[in-house]
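Structure file model20.cif with mmCIF, C-alpha atoms:
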data_start
#
loop_
_atom_site.label_atom_id
_atom_site.label_comp_id
_atom_site.auth_asym_id
_atom_site.auth_seq_id
_atom_site.Cartn_x
_atom_site.Cartn_y
_atom_site.Cartn_z
CA MET A 1 284.61 79.24 -73.75
CA LYS A 2 284.34 82.99 -74.05
CA PHE A 3 284.91 85.69 -71.45
CA GLY A 4 283.41 89.18 -71.68
CA ILE A 5 285.26 91.84 -69.74
CA VAL A 6 283.32 94.95 -68.80
CA VAL A 7 285.14 98.26 -69.18
CA PHE A 8 283.86 100.96 -66.83
CA PRO A 9 285.34 104.46 -66.74
CA GLY A 10 288.17 103.92 -64.26
CA SER A 11 288.61 100.17 -64.75
CA ASN A 12 292.33 99.42 -64.79
CA CYS A 13 292.58 95.63 -64.64
CA ASP A 14 290.42 95.07 -67.72
CA HIS A 15 293.36 94.50 -70.04
CA ASP A 16 295.06 92.20 -67.53
CA ALA A 17 291.86 90.15 -67.36
CA TRP A 18 291.72 90.00 -71.15
CA TYR A 19 295.39 88.93 -71.35
CA ALA A 20 295.03 86.30 -68.62
CA THR A 21 291.91 84.74 -70.13
CA SER A 22 293.02 84.84 -73.77
CA HIS A 23 296.83 84.59 -73.80
CA ASN A 24 297.43 82.64 -70.61
CA ALA A 25 294.30 80.49 -70.24
CA GLY A 26 293.72 80.18 -73.98
CA ALA A 27 290.04 81.07 -74.00
CA GLU A 28 288.31 83.63 -76.19
CA ALA A 29 287.83 87.03 -74.65
CA GLN A 30 286.26 90.31 -75.66
CA MET A 31 285.78 93.68 -74.04
CA LEU A 32 282.27 94.90 -73.22
CA TRP A 33 281.49 98.60 -72.84
CA HIS A 34 279.67 99.78 -69.70
CA LYS A 35 277.07 101.55 -71.86
CA ASP A 36 276.10 98.35 -73.66
CA THR A 37 272.62 97.21 -72.73
CA SER A 38 273.04 93.57 -73.63
CA ILE A 39 275.67 90.87 -73.37
CA PRO A 40 276.39 88.82 -76.51
CA ALA A 41 274.83 85.36 -76.27
CA ASP A 42 278.17 83.63 -76.83
CA ILE A 43 279.69 85.06 -73.64
CA ASP A 44 279.89 82.38 -70.96
CA CYS A 45 281.48 84.41 -68.20
CA VAL A 46 281.30 88.14 -67.58
CA ILE A 47 284.26 89.59 -65.69
CA LEU A 48 283.83 92.80 -63.72
CA PRO A 49 287.47 93.83 -63.47
CA GLY A 50 289.44 95.70 -60.86
CA GLY A 51 290.06 99.41 -60.84
CA PHE A 52 288.35 102.53 -59.60
CA SER A 53 285.12 102.65 -61.55
CA TYR A 54 283.74 106.20 -61.54
CA GLY A 55 286.64 107.25 -59.32
CA ASP A 56 285.14 105.34 -56.39
CA TYR A 57 282.78 108.30 -56.02
CA LEU A 58 280.22 107.96 -53.21
CA ARG A 59 281.27 104.36 -52.41
CA CYS A 60 283.36 101.84 -54.33
CA GLY A 61 281.09 100.29 -56.95
CA ALA A 62 278.05 102.41 -56.08
CA ILE A 63 277.90 104.27 -59.39
CA ALA A 64 278.99 101.35 -61.58
CA ARG A 65 276.07 99.44 -60.13
CA VAL A 66 273.66 101.69 -62.08
CA SER A 67 275.64 101.51 -65.35
CA PRO A 68 273.50 100.44 -68.33
CA ILE A 69 275.31 97.09 -68.65
CA MET A 70 274.55 96.04 -65.08
CA SER A 71 270.96 95.00 -65.74
CA ALA A 72 272.29 92.78 -68.55
CA VAL A 73 274.86 91.38 -66.11
CA ARG A 74 272.03 90.63 -63.70
CA ASP A 75 270.08 88.83 -66.46
CA HIS A 76 273.23 86.93 -67.43
CA ALA A 77 273.58 85.71 -63.82
CA GLN A 78 269.90 84.89 -63.59
CA LYS A 79 270.25 82.60 -66.60
CA GLY A 80 272.81 80.65 -64.61
CA LYS A 81 275.75 81.94 -66.67
CA PHE A 82 278.92 83.01 -64.88
CA VAL A 83 279.92 86.34 -63.38
CA LEU A 84 283.34 86.92 -61.82
CA GLY A 85 283.97 90.15 -59.94
CA ILE A 86 287.57 90.90 -59.04
CA CYS A 87 288.46 93.62 -56.53
CA ASN A 88 286.40 96.62 -57.67
CA GLY A 89 284.28 94.05 -59.52
CA PHE A 90 283.55 92.35 -56.17
CA GLN A 91 282.57 95.74 -54.73
CA ILE A 92 280.22 96.31 -57.69
CA LEU A 93 278.64 92.87 -57.12
CA THR A 94 277.91 93.60 -53.45
CA GLU A 95 276.58 97.08 -54.27
CA SER A 96 274.26 95.58 -56.87
CA GLY A 97 273.04 92.89 -54.50
CA LEU A 98 274.33 90.03 -56.66
CA LEU A 99 276.44 89.05 -53.66
CA PRO A 100 275.64 89.69 -49.99
CA GLY A 101 277.58 91.95 -47.64
CA VAL A 102 279.83 94.95 -48.25
CA LEU A 103 283.51 95.79 -48.46
CA LEU A 104 284.52 98.27 -45.79
CA ARG A 105 287.66 100.32 -45.52
CA ASN A 106 290.69 98.18 -44.56
CA THR A 107 291.12 98.24 -40.79
CA SER A 108 294.61 99.69 -41.25
CA LEU A 109 293.04 102.53 -43.26
CA SER A 110 295.83 101.96 -45.79
CA PHE A 111 295.71 100.95 -49.40
CA ILE A 112 297.44 97.55 -49.40
CA CYS A 113 299.31 96.34 -52.46
CA LYS A 114 301.19 93.09 -51.88
CA ASP A 115 301.12 89.35 -52.42
CA ILE A 116 299.04 87.40 -49.92
CA TYR A 117 298.16 83.73 -49.56
CA LEU A 118 294.75 82.26 -50.18
CA ARG A 119 293.39 78.94 -49.03
CA THR A 120 290.97 77.31 -51.45
CA GLU A 121 287.88 76.48 -49.41
CA GLN A 122 285.38 75.27 -51.99
CA ILE A 123 286.40 73.22 -55.02
CA LEU A 124 282.95 72.21 -56.22
CA SER A 125 282.29 75.64 -57.71
CA PRO A 126 282.67 76.39 -61.43
CA PHE A 127 285.43 78.88 -60.51
CA THR A 128 287.54 76.52 -58.43
CA ASN A 129 287.02 72.98 -59.71
CA ALA A 130 290.52 72.80 -61.24
CA LEU A 131 292.00 73.53 -57.80
CA GLU A 132 292.53 71.16 -54.89
CA GLN A 133 290.75 71.41 -51.57
CA GLY A 134 292.89 73.54 -49.29
CA GLN A 135 295.26 74.49 -52.11
CA ILE A 136 297.31 77.53 -51.16
CA LEU A 137 297.65 80.24 -53.80
CA ARG A 138 299.91 83.27 -53.76
CA VAL A 139 297.93 86.10 -55.28
CA PRO A 140 298.33 89.90 -55.18
CA ILE A 141 295.86 92.23 -53.50
CA ALA A 142 295.63 95.95 -54.22
CA HIS A 143 292.80 97.67 -52.41
CA GLY A 144 291.82 100.20 -49.79
CA GLU A 145 288.32 98.82 -49.24
CA GLY A 146 288.52 95.05 -49.03
CA ASN A 147 287.36 94.43 -45.50
CA TYR A 148 284.47 92.02 -46.05
CA PHE A 149 281.54 92.60 -43.72
CA ALA A 150 278.06 91.12 -43.45
CA ASP A 151 275.67 90.64 -40.55
CA GLU A 152 276.05 87.55 -38.38
CA GLU A 153 273.18 85.71 -40.02
CA THR A 154 274.61 86.22 -43.53
CA ILE A 155 278.05 85.04 -42.42
CA HIS A 156 276.44 82.00 -40.82
CA ILE A 157 274.62 81.18 -44.07
CA LEU A 158 277.78 81.67 -46.16
CA GLU A 159 279.73 79.34 -43.88
CA GLN A 160 276.90 76.81 -43.61
CA GLU A 161 276.39 76.65 -47.37
CA GLN A 162 280.16 76.53 -47.97
CA ARG A 163 280.03 79.64 -50.10
CA ILE A 164 283.41 80.96 -48.95
CA ALA A 165 285.57 80.24 -52.00
CA PHE A 166 288.86 81.63 -50.63
CA ARG A 167 290.19 82.68 -47.25
CA TYR A 168 293.29 84.74 -46.46
CA CYS A 169 295.94 82.58 -44.83
CA ASP A 170 299.69 82.38 -44.33
CA ALA A 171 302.16 80.37 -46.43
CA ASN A 172 301.22 77.27 -44.44
CA GLY A 173 297.51 77.68 -44.95
CA ILE A 174 296.73 78.99 -41.47
CA ALA A 175 293.92 81.54 -41.51
CA SER A 176 294.47 83.80 -38.50
CA ALA A 177 294.28 87.46 -37.53
CA GLU A 178 297.94 87.78 -38.53
CA SER A 179 297.29 86.48 -42.02
CA ASN A 180 294.23 88.71 -42.47
CA PRO A 181 295.38 91.76 -44.45
CA ASN A 182 292.29 93.93 -44.23
CA GLY A 183 290.08 92.89 -41.31
CA SER A 184 287.62 90.75 -43.29
CA ILE A 185 285.28 88.69 -41.12
CA ASN A 186 286.51 85.07 -40.89
CA ASN A 187 289.40 85.96 -43.26
CA ILE A 188 286.95 85.96 -46.17
CA ALA A 189 288.63 86.80 -49.48
CA GLY A 190 286.04 85.53 -51.95
CA ILE A 191 282.41 84.39 -51.84
CA LEU A 192 279.90 82.66 -54.08
CA ASN A 193 276.23 83.46 -54.56
CA ASP A 194 273.60 80.90 -53.57
CA LYS A 195 273.54 79.27 -57.01
CA GLY A 196 277.32 79.18 -57.21
CA ASN A 197 277.52 80.96 -60.59
CA VAL A 198 278.69 84.34 -59.26
CA LEU A 199 282.06 84.74 -57.54
CA GLY A 200 283.44 87.91 -56.02
CA MET A 201 287.01 88.08 -54.73
CA MET A 202 289.30 90.91 -53.64
CA PRO A 203 292.64 89.29 -54.69
CA HIS A 204 293.69 89.51 -58.34
CA PRO A 205 294.07 86.09 -59.99
CA GLU A 206 294.44 87.79 -63.41
CA ARG A 207 297.67 89.42 -62.22
CA CYS A 208 299.38 86.08 -61.64
CA CYS A 209 298.68 83.93 -64.66
CA ASP A 210 301.83 84.30 -66.71
CA PRO A 211 304.85 82.14 -65.76
CA LEU A 212 307.05 84.92 -67.15
CA LEU A 213 305.94 87.03 -64.18
CA GLY A 214 307.12 84.32 -61.80
CA ASN A 215 303.72 83.24 -60.54
CA SER A 216 300.79 81.61 -62.28
CA ASP A 217 298.78 80.66 -59.19
CA GLY A 218 295.78 82.68 -60.41
CA LEU A 219 295.31 80.69 -63.59
CA GLY A 220 293.25 78.00 -61.85
CA VAL A 221 290.26 80.31 -61.52
CA PHE A 222 290.06 80.75 -65.29
CA THR A 223 290.88 77.15 -66.21
CA SER A 224 288.22 75.99 -63.75
CA LEU A 225 285.63 77.97 -65.71
CA MET A 226 286.97 76.57 -68.97
CA GLN A 227 286.74 73.07 -67.54
CA THR A 228 283.14 73.80 -66.51
CA VAL A 229 282.02 75.25 -69.83
CA GLY A 230 284.13 73.14 -72.15
CA ILE A 231 287.16 74.74 -73.69
CA VAL A 232 285.77 75.73 -77.10
CA MET B 1 255.23 122.80 -56.17
CA LYS B 2 257.58 123.56 -53.26
CA HIS B 3 261.34 123.46 -53.21
CA PHE B 4 263.41 121.90 -50.48
CA LYS B 5 267.04 121.65 -49.60
CA ALA B 6 268.05 118.32 -48.11
CA MET B 7 271.13 118.06 -45.94
CA ILE B 8 272.08 114.43 -45.58
CA THR B 9 274.69 112.95 -43.29
CA VAL B 10 275.82 109.40 -43.86
CA THR B 11 277.75 107.58 -41.14
CA LEU B 12 278.81 104.00 -40.57
CA ARG B 13 276.24 102.00 -38.65
CA LYS B 14 276.79 101.92 -34.91
CA SER B 15 277.46 98.17 -35.04
CA ILE B 16 280.43 98.71 -37.37
CA LEU B 17 283.76 99.79 -35.95
CA ASP B 18 284.59 103.21 -37.39
CA VAL B 19 288.37 102.90 -37.58
CA GLN B 20 288.78 106.40 -38.95
CA GLY B 21 286.67 107.87 -36.14
CA LYS B 22 288.67 105.93 -33.56
CA THR B 23 291.95 107.20 -35.01
CA VAL B 24 290.74 110.79 -34.92
CA GLU B 25 289.53 110.24 -31.34
CA HIS B 26 293.01 109.04 -30.34
CA ALA B 27 294.54 112.07 -32.05
CA LEU B 28 292.20 114.37 -30.14
CA HIS B 29 293.01 112.68 -26.84
CA SER B 30 296.72 113.00 -27.49
CA THR B 31 296.27 116.72 -28.08
CA ASN B 32 294.54 117.10 -24.72
CA PHE B 33 290.93 117.12 -25.95
CA THR B 34 290.32 114.43 -23.38
CA SER B 35 286.66 115.26 -22.85
CA ILE B 36 285.79 114.32 -26.46
CA GLU B 37 284.54 110.81 -27.14
CA HIS B 38 282.64 108.65 -29.65
CA VAL B 39 284.03 110.34 -32.77
CA ARG B 40 282.42 109.14 -35.97
CA ILE B 41 283.42 110.16 -39.47
CA GLY B 42 280.83 110.35 -42.20
CA LYS B 43 279.96 112.21 -45.33
CA TYR B 44 277.69 115.09 -46.13
CA VAL B 45 275.45 115.23 -49.18
CA GLU B 46 273.41 118.30 -50.09
CA LEU B 47 270.70 118.30 -52.71
CA PHE B 48 267.57 120.11 -53.80
CA VAL B 49 264.24 118.46 -54.44
CA HIS B 50 260.85 119.70 -55.53
CA ALA B 51 257.69 118.16 -54.14
CA ASP B 52 254.14 119.06 -53.13
CA SER B 53 254.88 118.82 -49.42
CA SER B 54 257.75 118.31 -47.02
CA GLU B 55 256.44 114.79 -46.34
CA GLN B 56 256.66 113.95 -50.02
CA ALA B 57 260.13 115.53 -50.29
CA MET B 58 261.27 113.54 -47.27
CA SER B 59 259.96 110.34 -48.77
CA ILE B 60 261.76 110.97 -52.10
CA VAL B 61 265.06 111.79 -50.39
CA ASP B 62 264.73 108.84 -48.02
CA ASP B 63 264.20 106.49 -50.98
CA ALA B 64 267.24 107.99 -52.73
CA CYS B 65 269.31 107.45 -49.58
CA LYS B 66 268.21 103.83 -49.25
CA SER B 67 268.82 103.02 -52.89
CA ILE B 68 272.02 104.90 -53.76
CA ILE B 69 273.25 107.63 -51.41
CA ALA B 70 273.81 105.26 -48.48
CA ASN B 71 274.35 101.51 -48.35
CA PRO B 72 272.00 100.31 -45.58
CA ILE B 73 274.18 97.27 -44.92
CA MET B 74 276.92 99.47 -43.53
CA GLU B 75 275.58 103.01 -43.24
CA ASP B 76 272.91 105.05 -41.48
CA HIS B 77 271.64 108.27 -42.95
CA HIS B 78 270.05 111.33 -41.43
CA ILE B 79 268.11 113.87 -43.46
CA GLU B 80 267.35 117.46 -42.60
CA LEU B 81 264.93 119.25 -44.85
CA GLN B 82 264.51 122.95 -45.29
CA GLU B 83 262.00 124.68 -47.58
CA VAL B 84 263.70 127.17 -49.88
CA SER B 85 262.61 129.69 -52.50
CA VAL B 86 262.90 128.81 -56.20
CA GLY B 87 265.89 131.16 -56.48
CA GLU B 88 267.84 129.37 -53.77
CA ALA B 89 267.17 126.01 -55.40
CA ALA B 90 268.46 127.16 -58.79
#

Go through the file and emit its structure as structure tokens.
Amino acid sequence: MKFGIVVFPGSNCDHDAWYATSHNAGAEAQMLWHKDTSIPADIDCVILPGGFSYGDYLRCGAIARVSPIMSAVRDHAQKGKFVLGICNGFQILTESGLLPGVLLRNTSLSFICKDIYLRTEQILSPFTNALEQGQILRVPIAHGEGNYFADEETIHILEQEQRIAFRYCDANGIASAESNPNGSINNIAGILNDKGNVLGMMPHPERCCDPLLGNSDGLGVFTSLMQTVGIV
Amino acid sequence: MKHFKAMITVTLRKSILDVQGKTVEHALHSTNFTSIEHVRIGKYVELFVHADSSEQAMSIVDDACKSIIANPIMEDHHIELQEVSVGEAA
């Protein structure tokens, strides 16, 4: 199993993603440059990491979307291989149309950096199959634009097709307005594409994979992929 | 070939709550600008384009807005076009 982590100008969670996938999860991982026009054939999962690609100019993810590597990322997804967008990576995925909807400014208008709780909603996906249905994870968020929005019809389809991977909740798993940090519709924290091989999520699983940091709740996302692909 | 200046405003779609606009509206009300309402915050983009006609310029700028400058899922855009001399466009 090999991860490829795309480095955009302004990415700042790229090294964390590399560390989590290689040191903590025990997979192979390599960095990919945003100017690359192809993705090595041995890469199973491309990670679009968190950060502020291109300084969030215009809109978060809007410029990264036209980076040379993005057409290769699109091809990679079209082949049925895996793409995981975390935080800014999720924003890039919605801007590029690989996932529906958009991420609006948090309703509080503040940048929020804290641990939140996630309820695992879909365990049949390649990104979540090592987790249990309803499993509660404590994962950090760090974003100013994480308020997931899509039109009613899109939300209906996402719910109907069980493509909500994670929802914001409280420590007891209750998803309510109080446990919604940013105003996302239906407490949506992460969604899958229609084929299930692209996941975008605002919380940072790569920041909570090392037991030395006191929390390894995020590891399941990476070990799920390794379980899907086969570890070697 | 003619030269045009495009003045583009991008605002959140009406169906989306503009939290920033609402906050500014509250601030205005609390400073006695009580007759002001429906405040919306957006961004302004200015660019120059050359085309054979204003219709063609409008079509180019509109395409640019739909593909990159605005995100149609959450934003509306409004374009104003003004023909300029080559010197002004430089």

**OP:** Tell me which residues the PyMOL selection byres ((chain B and resi 7-12) around 8) grabs here, as a list in words.
**Re:**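 When the PyMOL selection byres ((chain B and resi 7-12) around 8) is applied, the selected residues are Lys5, Ala6, Arg13, Lys14, Ile16, Leu17, Asp18, Arg40, Ile41, Gly42, Lys43, Tyr44, Val45, Glu46, Leu47, Ala70, Met74, Glu75, Asp76, His77, His78, Ile79, Glu80 and Leu81 of chain B.
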
Original post:
Could you write out as a list of chain:residue names the residues of chain A within 7 Å of chain B, counting only C-alpha atoms?
Top reply: A:Ala62, A:Gly101, A:Val102, A:Thr107

**OP:** Quick one: apply the PyMOL selection byres ((chain A and resi 31) around 10) to the file and drop the selected residues here as an MDAnalysis selection string.
**Re:** chainID A and resid 3:7 14:15 17:18 29:30 32:34 46:47

**OP:** Grab the atom CA of Gly51 of chain A to atom CA of Gly218 of chain A distance for me, in Å with one decimal place.
**Re:**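 Separation between atom CA of Gly51 of chain A and atom CA of Gly218 of chain A: 17.7 Å.
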
**OP:** For segment 49-62 of chain B, please output as a PyMOL selection string all residues within 6 Å (counting all atoms listed in the file; exclusion window: fewer than 6 positions along the same chain).
**Re:** chain B and resi 1-4

Original post:
Separation of atom CA of Phe127 of chain A and atom CA of Asp44 of chain A, in Å?
Top reply: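 It comes out at 12.3 Å.
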
Original post:
Interatomic distance between atom CA of Tyr19 of chain A and atom CA of Arg138 of chain A?
Top reply: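 Going from atom CA of Tyr19 of chain A over to atom CA of Arg138 of chain A covers 19.0 Å.
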
**OP:** Determine the residue membership of the PyMOL selection byres ((chain A and resi 154-168) around 8) for the file above and supply it as a PyMOL selection string.
**Re:** chain A and resi 100-101+116-123+128+150-153+169-170+175+179-181+186-194+196+199+201

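Each of A:Ala142, A:Ile39, A:Ala20, A:Ile174 was compared to Lys81 of chain A using only C-alpha atoms, and A:Ile39 turns out to be the nearest.
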
Subject >> Distance query Gly26 of chain A at most 10 Å, only C-alpha atoms, self and fewer than 5 positions along chain excluded, as a PyMOL selection string >> reply: chain A and resi 1-2+19-21+222-223+226+231-232

Subject >> Selected residue, from B:Glu37, B:Asp63, B:Phe48, B:Lys22, that lies nearest to Val84 of chain B when counting only C-alpha atoms >> reply: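 Of the candidates, the smallest distance to Val84 of chain B is held by B:Phe48.
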
Subject >> Proximity to Leu219 of chain A - best of A:Leu104, A:Cys13, A:Ile63, A:Ala27, all atoms listed in the file >> reply: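 Smallest separation from Leu219 of chain A among the options: A:Ala27.
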
Subject >> Spatial neighbours of Thr37 of chain A, 10 Å, all atoms listed in the file, chain gap at least 5 places, as a ChimeraX atom specification >> reply: /A:32,67-73

Excluding Val39 of chain B and any residue of its chain fewer than 5 positions from it, enumerate the residues within 8 Å of it, using all atoms listed in the file, and give them as a compact mmCIF listing (two decimals) with C-alpha atoms, in the coordinates of the input.
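Dumped to selection.txt:
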# COMPACT_ATOMS: atom_id res chain seq x y z
CA GLY B 21 286.67 107.87 -36.14
CA LYS B 22 288.67 105.93 -33.56
CA VAL B 24 290.74 110.79 -34.92
CA GLU B 25 289.53 110.24 -31.34

Original post:
Counting all atoms listed in the file, which of A:Pro211, A:Pro126, A:Gly220, A:Gly183 gets nearest to Asn197 of chain A?
Top reply: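 Checking each of A:Pro211, A:Pro126, A:Gly220, A:Gly183 against Asn197 of chain A, counting all atoms listed in the file, the winner is A:Pro126.
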